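Engineer: The structure under discussion is supplied below as structure tokens; questions concerning it will follow.
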There are 2 protein chains.
Amino acid sequence: MTVTERPLRADAQRNRDRLLAAATEAFAAEGEDAALESVAARAGVGIGTLYRHFPNRDALVVAAYQHEVDALCAAAADLLAGQPADEALRAWTRRFADYIATKRRMGNALRSAAASDSPVFATTREQIVGALRLLLDAGAASGTLRGDVDPRDVIRVIHGIWYLPEGPQWREDVGRMLELVIDGLRYGVPAR
Amino acid sequence: MTVTERPLRADAQRNRDRLLAAATEAFAAEGEDAALESVAARAGVGIGTLYRHFPNRDALVVAAYQHEVDALCAAAADLLAGQPADEALRAWTRRFADYIATKRRMGNALRSAAASDSPVFATTREQIVGALRLLLDAGAASGTLRGDVDPRDVIRVIHGIWYLPEGPQWREDVGRMLELVIDGLRYGVPAR
DNA sequence: AGTATAAGCGGAGGCGACTCCGTTTATGCA
DNA sequence: TGCATAAACGGAGTCGCCTCCGCTTATACT
């Protein structure tokens, strides 16, 4: 395995980022089979540039998804920096809901792209678990959250929002579900 | 399930047949990603006609494959009509080798098309087993072939030719393999 | 600062999938 | 045999994927 990849030239990096953002945007706005030309247009680059960065549709979809996951995970640390762990956790779960919404919008595009690059989901799952663990550990350390839960189980629970029926009430349903979960993670579960 | 499909108009049926033949021909000659326009051209029909009969690439590939299988199976009865069962079996296995060669040439096209219509292989397998059973039963009845073999096992054995390395010697290798199998099915296995 | 050059850009253009619709024709009926 | 019409034809046209290559520019080196 030879690695040593020299960093991208500044303009290339900028375009790459724009393309990833444009891709998620386009999939959300135009559906999963948005034309790649339209992604390039949104990003303000030529179609050639898109293809240099992502050799085919699947590569772009997977990369856009990975980008979302990275952002979600980075958010965990950011949120912790500015508030107590239980509040950070609450905020992060809302962020998680956004991520799920995006993932849903990618729909089939993601499903079929993932088929050609199967380990994606396994990896991203680990990343997300890691981010959540960060939050839980911080909460346990500061005494605001229980210290005896496995982030894997929490993910399993909140991932349930994936299956909530779509519609205008979705976000609200998600809100209630997440509150419930967070209450369960706090110290001093309310007596019934 | 409403069925009652009225038979195709004569010209439609003719074109359909031509298209199927052209498809196998084109996949053999131009590789698995032959342009559908070229299939239509070979068949001497317009591209519109192709699409009326087969709504997309996968449908055409699957249909062409199915067509091959039908022909292979029909051959069993035809061969039996003109010669003793053991000779018919010998001839049929040669025909089977042609079928495998064609199937190989369809390669990925078939693999991915089958993915979107998964029961194809299960069905065709049964068809082929049925055809072989016809030959074996005839042989058993007339006393030229053993009566105690399951066609499924025979298919498993001769399907091995699928894995023979490609090359100019392929057909010869196949020939020897098949002779061996047929000898095993005859009455009176040669003493060693 | 000036320059060489590797890295990157971008869009015209090729190609193929698939659609649309005006034209043709097989077929059933009088 | 002639006619009405549903069925089928076919190819021009649209659209999107992807490539190719001449031009631009960031970067490293002097």
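Labels used: A, B, ... for chains in the order of the structure tokens, numbers from 1 for residues in each chain, and numbers from 1 for ligands as shown.
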For chain B against chain C, with a cut-off of 12 Å and counting only C-alpha atoms (C1' of nucleotides), what is the closest atom pair and its distance in Å to one decimal for every residue that makes the cut, ordered by chain and number, as a tab-separated table?

Structural biologist:
```
residue	atom	partner	partner_atom	distance
B:Leu8	CA	C:DA26	C1'	10.6
B:Arg9	CA	C:DA26	C1'	6.9
B:Ala10	CA	C:DA26	C1'	7.5
B:Asp11	CA	C:DA26	C1'	7.8
B:Ala12	CA	C:DA26	C1'	9.8
B:Gln13	CA	C:DA26	C1'	11.9
B:Asp33	CA	C:DG16	C1'	10.2
B:Ala34	CA	C:DG16	C1'	9.7
B:Ala35	CA	C:DG16	C1'	6.6
B:Leu36	CA	C:DG16	C1'	8.0
B:Glu37	CA	C:DG16	C1'	8.1
B:Ser38	CA	C:DG16	C1'	10.3
B:Ile47	CA	C:DC18	C1'	9.5
B:Gly48	CA	C:DT19	C1'	8.7
B:Thr49	CA	C:DC18	C1'	11.8
B:Leu50	CA	C:DC18	C1'	10.7
B:Tyr51	CA	C:DC18	C1'	7.8
B:Arg52	CA	C:DC18	C1'	10.6
B:Phe54	CA	C:DC18	C1'	11.2
B:Pro55	CA	C:DC18	C1'	8.7
B:Asn56	CA	C:DC18	C1'	8.1
B:Arg57	CA	C:DA17	C1'	8.6
B:Asp58	CA	C:DA17	C1'	11.9
```

Engineer: Grab the residues selected above and save them as a PDB file, in the first residue's frame with C-alpha atoms.

Structural biologist:
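Contents of part_22.pdb, freshly written:
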```pdb
ATOM      1  CA  LEU B   8     -49.250 -10.966 -31.040  1.00  0.00           C
ATOM      2  CA  ARG B   9     -49.963  -9.740 -34.506  1.00  0.00           C
ATOM      3  CA  ALA B  10     -47.948 -11.694 -37.069  1.00  0.00           C
ATOM      4  CA  ASP B  11     -45.476  -8.909 -37.798  1.00  0.00           C
ATOM      5  CA  ALA B  12     -45.001  -8.217 -34.122  1.00  0.00           C
ATOM      6  CA  GLN B  13     -44.196 -11.838 -33.408  1.00  0.00           C
ATOM      7  CA  ASP B  33     -22.528  -3.759 -23.674  1.00  0.00           C
ATOM      8  CA  ALA B  34     -23.499  -3.765 -27.305  1.00  0.00           C
ATOM      9  CA  ALA B  35     -25.661  -0.752 -28.095  1.00  0.00           C
ATOM     10  CA  LEU B  36     -29.336  -1.521 -28.311  1.00  0.00           C
ATOM     11  CA  GLU B  37     -29.458   0.451 -31.539  1.00  0.00           C
ATOM     12  CA  SER B  38     -27.104  -2.102 -32.992  1.00  0.00           C
ATOM     13  CA  ILE B  47     -35.189   1.218 -32.232  1.00  0.00           C
ATOM     14  CA  GLY B  48     -38.741   2.080 -31.319  1.00  0.00           C
ATOM     15  CA  THR B  49     -39.799  -1.452 -32.054  1.00  0.00           C
ATOM     16  CA  LEU B  50     -37.112  -2.839 -29.839  1.00  0.00           C
ATOM     17  CA  TYR B  51     -38.292  -0.721 -26.951  1.00  0.00           C
ATOM     18  CA  ARG B  52     -41.922  -1.606 -27.493  1.00  0.00           C
ATOM     19  CA  PHE B  54     -38.490  -4.864 -24.309  1.00  0.00           C
ATOM     20  CA  PRO B  55     -38.889  -1.798 -22.134  1.00  0.00           C
ATOM     21  CA  ASN B  56     -35.248  -1.683 -21.116  1.00  0.00           C
ATOM     22  CA  ARG B  57     -31.916  -3.350 -21.510  1.00  0.00           C
ATOM     23  CA  ASP B  58     -32.401  -5.835 -18.710  1.00  0.00           C
TER      24      ASP B  58
END
```

Engineer: Write down, as a VMD selection string, each residue of chain D that has any atom within 9 Å of an atom of chain A, counting only C-alpha atoms (C1' of nucleotides).

Structural biologist: chain D and resid 16 to 19 26 to 27

Engineer: Tell me which of B:Ala85, B:Cys73, B:Ser116, B:Ala91 sits closest to chain A, counting only C-alpha atoms.

Structural biologist: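 Ranked by minimum distance to chain A, first place goes to B:Ser116.
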
Engineer: From the set A:Arg111, A:Val39, A:Arg105, A:Val174, which residue has the shortest atom-to-atom contact distance to Val157 of chain A, counting only C-alpha atoms?

Structural biologist: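 Of A:Arg111, A:Val39, A:Arg105, A:Val174, the one nearest Val157 of chain A, counting only C-alpha atoms, is A:Val174.
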
Engineer: Taking only chain A into account, list the residues labelled helix (DSSP H, G or I) by DSSP (computed from the backbone), as a PyMOL selection string.

Structural biologist: chain A and resi 10-30+36-43+47-53+57-82+85-116+119-142+151-163+170-185

Engineer: Which distance in Å separates atom CA of Leu72 of chain B and atom CA of Gln127 of chain B, to one decimal?

Structural biologist: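 Going from atom CA of Leu72 of chain B over to atom CA of Gln127 of chain B covers 9.5 Å.
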
Engineer: Just checking: using only C-alpha atoms, which residue out of B:Ala22, B:Met106, B:Val61, B:Ile158 ends up closest to Glu179 of chain B?

Structural biologist: B:Ile158
